[in-house]
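Take a look at the structure set out below.
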Amino acid sequence: MLVVLVSGVFLVQNQYYALQLKRAIVQDNARSVTAMMASDLRSVAKGGVIVAESARVVVRTPLALSVICATQGPDVFVYLDGGEAALDTTNVAGFAVRDSAGAWSYYNVTWRKLVTPGGNPAASCAAQGADTVGASSDFIKLKRLGSYHSPAPGIGDVLMFFAEREYSFAASALDSTSRALYRGPYGGTLVEFVTGMDSTAGFAYRTGGSTYSSSVSGPALQDIDAIRVDAEARTHAETGGRSDVRYGWSVSIPLRNVR
Amino acid sequence: MRGQPAGGLPSLVAAAWRRAAPARRSRPGKTHTSRGGFALALVVLMLFAISVAGVTGYMVIGNEFDLADQNAMGYKALAVARGGLERFLAEQIGEVGDSVAYAIGDGIATLTSRKVVEEDSLNHIYFIRSEGTVTDARYPGNPARRVVGAYAYRRISPVNHVAAIMSTGDRLDFRYWARADGYDQATTSDCAGGGTAGVAGAIAAERVRARNGSVVQGNPNSATLGSYQAIYDTAGVRWDILSDPDFPVEFDGSPPNFGALPPDSFPVVRYVGNLNAGSSWSGRGVLIVTGRLRMYSGFSWNGIILAGELRSTSFQWPVVDGTVIGGLNVKNPNITYSWGGLFRYHSCNVYAADRSLSYLEPISNTTWEEY
């Protein structure tokens with residue numbers, strides 16, 4: 001009887017511990033989804049959403065913004081906070097040019113094709129009034145932007161260097177009984193980022209007003225000004241006969257650079 | 001008998017002793033063998049199990065709390081960084097400082113700015129970087145940190161040069177030697193941009209008139225713009241901000257000792273309320289009067305005067321070398337300057353004072369979060 005009593009106590013205690021652990025896991029899953037996505041999505045500019053589906057979203061995430069401070073023939077010198085070293089150049093999928101109304105034109109080109117050595121970027125920009133003290137490496141040279149954008153960007157124009165990131169909810173490779181959030185470069189290999197998502201997890205899109213749509217396509221992609229992430233997490237209970245442990249929340253992420 | 005009280009006890013006591021004695025001897029034996037050991041072990045085990053459950057539960061909840069707390073700290077740091085950026089852009093006036101730190105909520109926003117390019121002489125582009133940090137007292141060496149950046153124009157000369165004196169009221173009259181002169185009193189020897197073609201002598205909504213020996217001249221002599229709103233928009237003054245008592249300016253309530261300032265310093269001086277300006281208010285820079293301004297003899301000003309309302313004067317000789325803009329609160333009452341009053345446009349004084357009003361205007365859609 002003593003053994004039964006002790007076993008019973010430990011069994012109940014173990015179930016309690018397992019349940020708490022499961023709850024913590026599903027909450028962490030939901031939180032991870034929204035925290036990472038919020039950082040990536042918040043700075044997306046107008047026209048920066050490429051794909052908007054209920055279980056998949058592809059965006060152009062700004063990695064850095066810079067301003068043209070001098071020109072040299074077809075090439076330009078720009079200011080980039082922290083310089084090239086501070087930029088994740090391998091993930092640069094292209095650049096965008098901001099027009100006077102605040103709209104962006106996007107061009108896909110690798111960083112290696114954009115940047116070029118030569119000249120004296122800091123001195124050239126200093127001649128245009130730039131403060132280059134202690135930041136000479138923050139000024140770099142880009143070549144022939146006019147071959148992408150017409151008219152060729154000039155002094156004072158703002159450029160964006162962006163990464164194309166894809167998020168999608170799909171069956172988990174790590175746990176075949178659940179779904180997962182995958183993240184990675186658009187068109188590249190996606191990595192399972194968060195496991196343990198429910199089939200109800202997904203995205204919704206606002207195109208002005210207050211209503212959200214589960215998918216948006218065509219010209220309306222330009223109008224997306226907020227993305228809602230329904231982070232529904234789910235995991236199996238430790239013992240059979242019990243309901244799955246579920247937790248979820250919805251976070252609406254306004255795109256700050258869409259105005 | 002062992003344990004029995006010695007000698008001649010009453011029988012009643014002796015009998016009681018016999019009844020009690022076996023009980024005292026037998027109780028310890030029964031407790032050790034059948035009940036006491038089992039209960040003690042069970043209690044110890046139960047306490048152990050409860051302790052383990054409590055500790056594990058505490059650990060799980062504690063870990064979860066820490067994770068949630070760290071996540072919240074990250075969001076706080078982002079909010080602090082954003083708040084710092086907004087505050088810097090909103091409060092900036094005059095020369096742009098290299099760095100500043102604000103205490104916001106539980107965190108600190110550290111702002112740095114860098115001029116990136118001078119697009120032209122009146123519009124410079126700055127990069128503003130705001131780093132928000134929130135420190136957890138438990139881990140002071142590892143604060144949550146988020147960085148946001150943005151670009152902004154610095155509008156060097158926000159107040160437009162349009163007249164020696166301008167009132168939003170319907171009528172602006174000059175009589176008996178009062179004078180409004182829009183021709184530039186400055187030359188290139190005063191400043192590089194001096195010697196301009198000048199501006200209008202006076203501007204009002206419906207009528208500007210000079211009589212009885214008074215003079216209104218300039219390029220053109222005078223102009224009428226039709227309405228309060230048209231004149232307000234033409235001035236280019238951020239009056240709602242500058243007149244807000246909460247908006248910080250260099251000198252608020254009283255003028256500085258101009259003799260102690262460098263000669264090229266054209267500070268912003270504000271008076272909240274109605275001001276009768278005499279000689280003690282003479283100086284240079286930008287004079288902001290949020291209420292009514294009446295200028296008296298002895299008062300002279302080099303630079304810009306902005307007033308919520310301008311009042312007529314008679315037999316007073318104020319001298320302004322710069323520009324005067326009045327009636328920014330609401331439509332100014334009709335004004336007459338008679339028997340005195342000299343208002344002359346001076347481009348160098350206006351430019352110098354205008355720089356003190358320069359501000360940062362964010363370039364839309366250029367705010368991003370650094371990784």
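A note on labels: chains of the structure tokens are A, B, ... as shown, every chain counts residues from 1, and ligands are counted from 1 in their shown order.
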
Residue neighbourhood range 131-142 of chain A, 6 Å, only C-alpha atoms, exclusion window fewer than 6 positions, as a count of residues only: 15

Strand (DSSP E or B) positions in range 145-179 of chain A, given as a VMD selection string: chain A and resid 158 to 171 179

Kindly export the residues of the current selection with N, CA and C atoms, as a compact mmCIF listing (two decimals), in the first residue's frame.
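Output file result-v6.txt is given in full below:
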# COMPACT_ATOMS: atom_id res chain seq x y z
N VAL A 158 17.08 58.33 -51.39
CA VAL A 158 17.22 57.31 -50.34
C VAL A 158 17.14 55.93 -50.99
N LEU A 159 18.06 55.07 -50.62
CA LEU A 159 18.09 53.70 -51.13
C LEU A 159 17.80 52.73 -49.99
N MET A 160 17.21 51.60 -50.34
CA MET A 160 16.99 50.54 -49.36
C MET A 160 17.67 49.27 -49.87
N PHE A 161 18.36 48.59 -48.98
CA PHE A 161 18.90 47.28 -49.32
C PHE A 161 18.05 46.26 -48.56
N PHE A 162 17.47 45.36 -49.32
CA PHE A 162 16.49 44.47 -48.68
C PHE A 162 16.85 43.00 -48.85
N ALA A 163 16.30 42.22 -47.94
CA ALA A 163 16.35 40.76 -48.05
C ALA A 163 14.94 40.29 -48.36
N GLU A 164 14.82 39.24 -49.13
CA GLU A 164 13.50 38.66 -49.39
C GLU A 164 13.34 37.46 -48.47
N ARG A 165 12.38 37.56 -47.57
CA ARG A 165 12.21 36.50 -46.58
C ARG A 165 10.85 35.83 -46.76
N GLU A 166 10.87 34.55 -46.64
CA GLU A 166 9.62 33.79 -46.75
C GLU A 166 9.32 33.12 -45.42
N TYR A 167 8.06 33.21 -45.06
CA TYR A 167 7.56 32.50 -43.88
C TYR A 167 6.43 31.60 -44.36
N SER A 168 6.42 30.39 -43.89
CA SER A 168 5.29 29.53 -44.26
C SER A 168 5.01 28.52 -43.16
N PHE A 169 3.74 28.26 -42.99
CA PHE A 169 3.30 27.20 -42.08
C PHE A 169 3.11 25.93 -42.92
N ALA A 170 3.77 24.85 -42.53
CA ALA A 170 3.67 23.58 -43.26
C ALA A 170 3.94 22.45 -42.29
N ALA A 171 3.75 21.22 -42.79
CA ALA A 171 3.96 20.05 -41.94
C ALA A 171 5.40 20.04 -41.41
N ARG A 179 2.46 20.84 -37.22
CA ARG A 179 2.93 21.75 -38.25
C ARG A 179 4.03 22.65 -37.68

Which chain A residues are at most 9 Å from chain B (counting only C-alpha atoms), as a ChimeraX atom specification? /A:2,5-6,9-10,13-14,16-17,20-21,24-25,27-28,31,35,39-40,42-46,62-70,78-79,81,86-87,98,101-103,125-132,155-156,158,160,256-259

Now that the selection is made, can you save its residues with C-alpha atoms as a short mmCIF file (atom, residue, chain, number, x, y, z; two decimals), in the first residue's frame?
data_model
loop_
_atom_site.label_atom_id
_atom_site.label_comp_id
_atom_site.auth_asym_id
_atom_site.auth_seq_id
_atom_site.Cartn_x
_atom_site.Cartn_y
_atom_site.Cartn_z
CA LEU A 2 2.84 2.32 0.80
CA LEU A 5 0.55 5.60 -2.39
CA VAL A 6 4.04 6.84 -3.13
CA VAL A 9 1.88 10.77 -5.59
CA PHE A 10 4.84 10.74 -7.92
CA GLN A 13 3.35 15.06 -9.66
CA ASN A 14 4.94 13.91 -12.92
CA TYR A 16 1.57 18.05 -13.33
CA TYR A 17 5.17 18.72 -14.25
CA GLN A 20 3.35 22.68 -17.07
CA LEU A 21 6.23 21.90 -19.39
CA ALA A 24 5.52 26.46 -21.43
CA ILE A 25 6.50 24.91 -24.74
CA GLN A 27 3.60 29.47 -25.19
CA ASP A 28 7.24 29.70 -26.22
CA ARG A 31 5.86 33.83 -28.70
CA ALA A 35 8.58 38.02 -31.91
CA SER A 39 10.99 42.31 -36.29
CA ASP A 40 11.07 41.24 -39.92
CA ARG A 42 7.51 45.92 -39.04
CA SER A 43 9.87 47.82 -41.34
CA VAL A 44 8.47 46.48 -44.61
CA ALA A 45 7.71 49.33 -46.98
CA LYS A 46 4.90 49.86 -49.43
CA PRO A 62 14.86 46.35 -45.19
CA LEU A 63 18.34 45.43 -43.99
CA ALA A 64 19.58 49.00 -44.20
CA LEU A 65 18.70 52.34 -45.70
CA SER A 66 21.22 54.73 -47.13
CA VAL A 67 21.36 58.11 -48.80
CA ILE A 68 23.30 59.09 -51.89
CA CYS A 69 25.74 61.79 -50.89
CA ALA A 70 27.82 62.17 -54.06
CA VAL A 78 26.29 56.44 -50.32
CA TYR A 79 26.23 56.62 -46.56
CA ASP A 81 25.47 53.26 -41.08
CA ALA A 86 27.43 45.98 -40.58
CA LEU A 87 25.35 44.72 -43.47
CA ARG A 98 12.48 55.96 -52.87
CA ALA A 101 6.27 60.75 -52.65
CA GLY A 102 7.69 58.00 -50.47
CA ALA A 103 7.02 55.08 -52.82
CA CYS A 125 30.65 62.95 -49.60
CA ALA A 126 32.51 65.37 -47.33
CA ALA A 127 32.72 67.69 -50.31
CA GLN A 128 28.92 67.61 -50.36
CA GLY A 129 28.71 68.56 -46.70
CA ALA A 130 28.69 65.11 -45.09
CA ASP A 131 30.15 64.70 -41.63
CA THR A 132 32.65 61.89 -42.16
CA ILE A 155 22.23 63.19 -54.47
CA GLY A 156 19.72 63.08 -51.65
CA VAL A 158 17.22 57.31 -50.34
CA MET A 160 16.99 50.54 -49.36
CA ARG A 256 5.36 51.35 -40.43
CA ASN A 257 6.82 52.38 -43.73
CA VAL A 258 3.55 52.06 -45.64
CA ARG A 259 1.86 55.46 -45.67
#

Neighbours of range 164-175 of chain B within 6 Å (only C-alpha atoms; same-chain residues fewer than 3 positions away dropped), as number ranges by chain? B: 178, 182, 201-212, 214, 228, 231, 323-327, 331-338, 343-345

Same residues, C-alpha atoms, output as a PDB file, in the first residue's frame:
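Generated output (out.pdb):
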ATOM      1  CA  ALA B 178       6.036 105.230 -39.876  1.00  0.00           C
ATOM      2  CA  GLY B 182      11.341  95.667 -47.954  1.00  0.00           C
ATOM      3  CA  GLY B 201       7.469  96.241 -47.605  1.00  0.00           C
ATOM      4  CA  ALA B 202       4.247  95.133 -45.926  1.00  0.00           C
ATOM      5  CA  ILE B 203       1.637  92.404 -46.356  1.00  0.00           C
ATOM      6  CA  ALA B 204      -1.896  92.190 -44.999  1.00  0.00           C
ATOM      7  CA  ALA B 205      -5.029  90.303 -45.948  1.00  0.00           C
ATOM      8  CA  GLU B 206      -6.934  93.085 -47.699  1.00  0.00           C
ATOM      9  CA  ARG B 207      -5.207  96.448 -47.562  1.00  0.00           C
ATOM     10  CA  VAL B 208      -1.837  98.078 -46.924  1.00  0.00           C
ATOM     11  CA  ARG B 209      -1.842 101.871 -46.920  1.00  0.00           C
ATOM     12  CA  ALA B 210       0.764 104.587 -46.318  1.00  0.00           C
ATOM     13  CA  ARG B 211      -0.370 108.142 -45.656  1.00  0.00           C
ATOM     14  CA  ASN B 212       0.762 111.453 -44.221  1.00  0.00           C
ATOM     15  CA  SER B 214       4.790 107.471 -44.095  1.00  0.00           C
ATOM     16  CA  TYR B 228      -5.526  84.804 -42.541  1.00  0.00           C
ATOM     17  CA  ILE B 231      -0.754  84.663 -44.892  1.00  0.00           C
ATOM     18  CA  THR B 323      11.072  90.765 -40.425  1.00  0.00           C
ATOM     19  CA  VAL B 324       7.925  90.941 -38.294  1.00  0.00           C
ATOM     20  CA  ILE B 325       5.062  88.462 -38.582  1.00  0.00           C
ATOM     21  CA  GLY B 326       1.978  89.142 -36.477  1.00  0.00           C
ATOM     22  CA  GLY B 327      -1.438  87.627 -35.954  1.00  0.00           C
ATOM     23  CA  LYS B 331      -6.720  86.893 -37.577  1.00  0.00           C
ATOM     24  CA  ASN B 332      -4.994  90.046 -36.351  1.00  0.00           C
ATOM     25  CA  PRO B 333      -7.087  93.159 -35.668  1.00  0.00           C
ATOM     26  CA  ASN B 334      -6.479  96.042 -38.026  1.00  0.00           C
ATOM     27  CA  ILE B 335      -3.231  97.844 -37.186  1.00  0.00           C
ATOM     28  CA  THR B 336      -2.080 101.406 -37.578  1.00  0.00           C
ATOM     29  CA  TYR B 337       1.453 102.548 -36.892  1.00  0.00           C
ATOM     30  CA  SER B 338       1.484 106.343 -36.663  1.00  0.00           C
ATOM     31  CA  PHE B 343      10.492  98.041 -40.012  1.00  0.00           C
ATOM     32  CA  ARG B 344      13.297  97.167 -42.406  1.00  0.00           C
ATOM     33  CA  TYR B 345      14.083  93.875 -44.108  1.00  0.00           C
TER      34      TYR B 345
END

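Going from CA of Pro362 in chain B to CA of Arg154 in chain B covers 8.6 Å.
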
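Shortest separation to Val289 in chain B among B:Pro255, B:Gly107, B:Gly94, B:Gly83 occurs at residue B:Pro255, atoms counted being only C-alpha atoms.
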
Can you pull out every residue from range 14-236 of chain A that DSSP, working from the backbone, puts in alpha helix (DSSP H), and format the result as a PyMOL selection string? chain A and resi 14-42+111-114+121-126
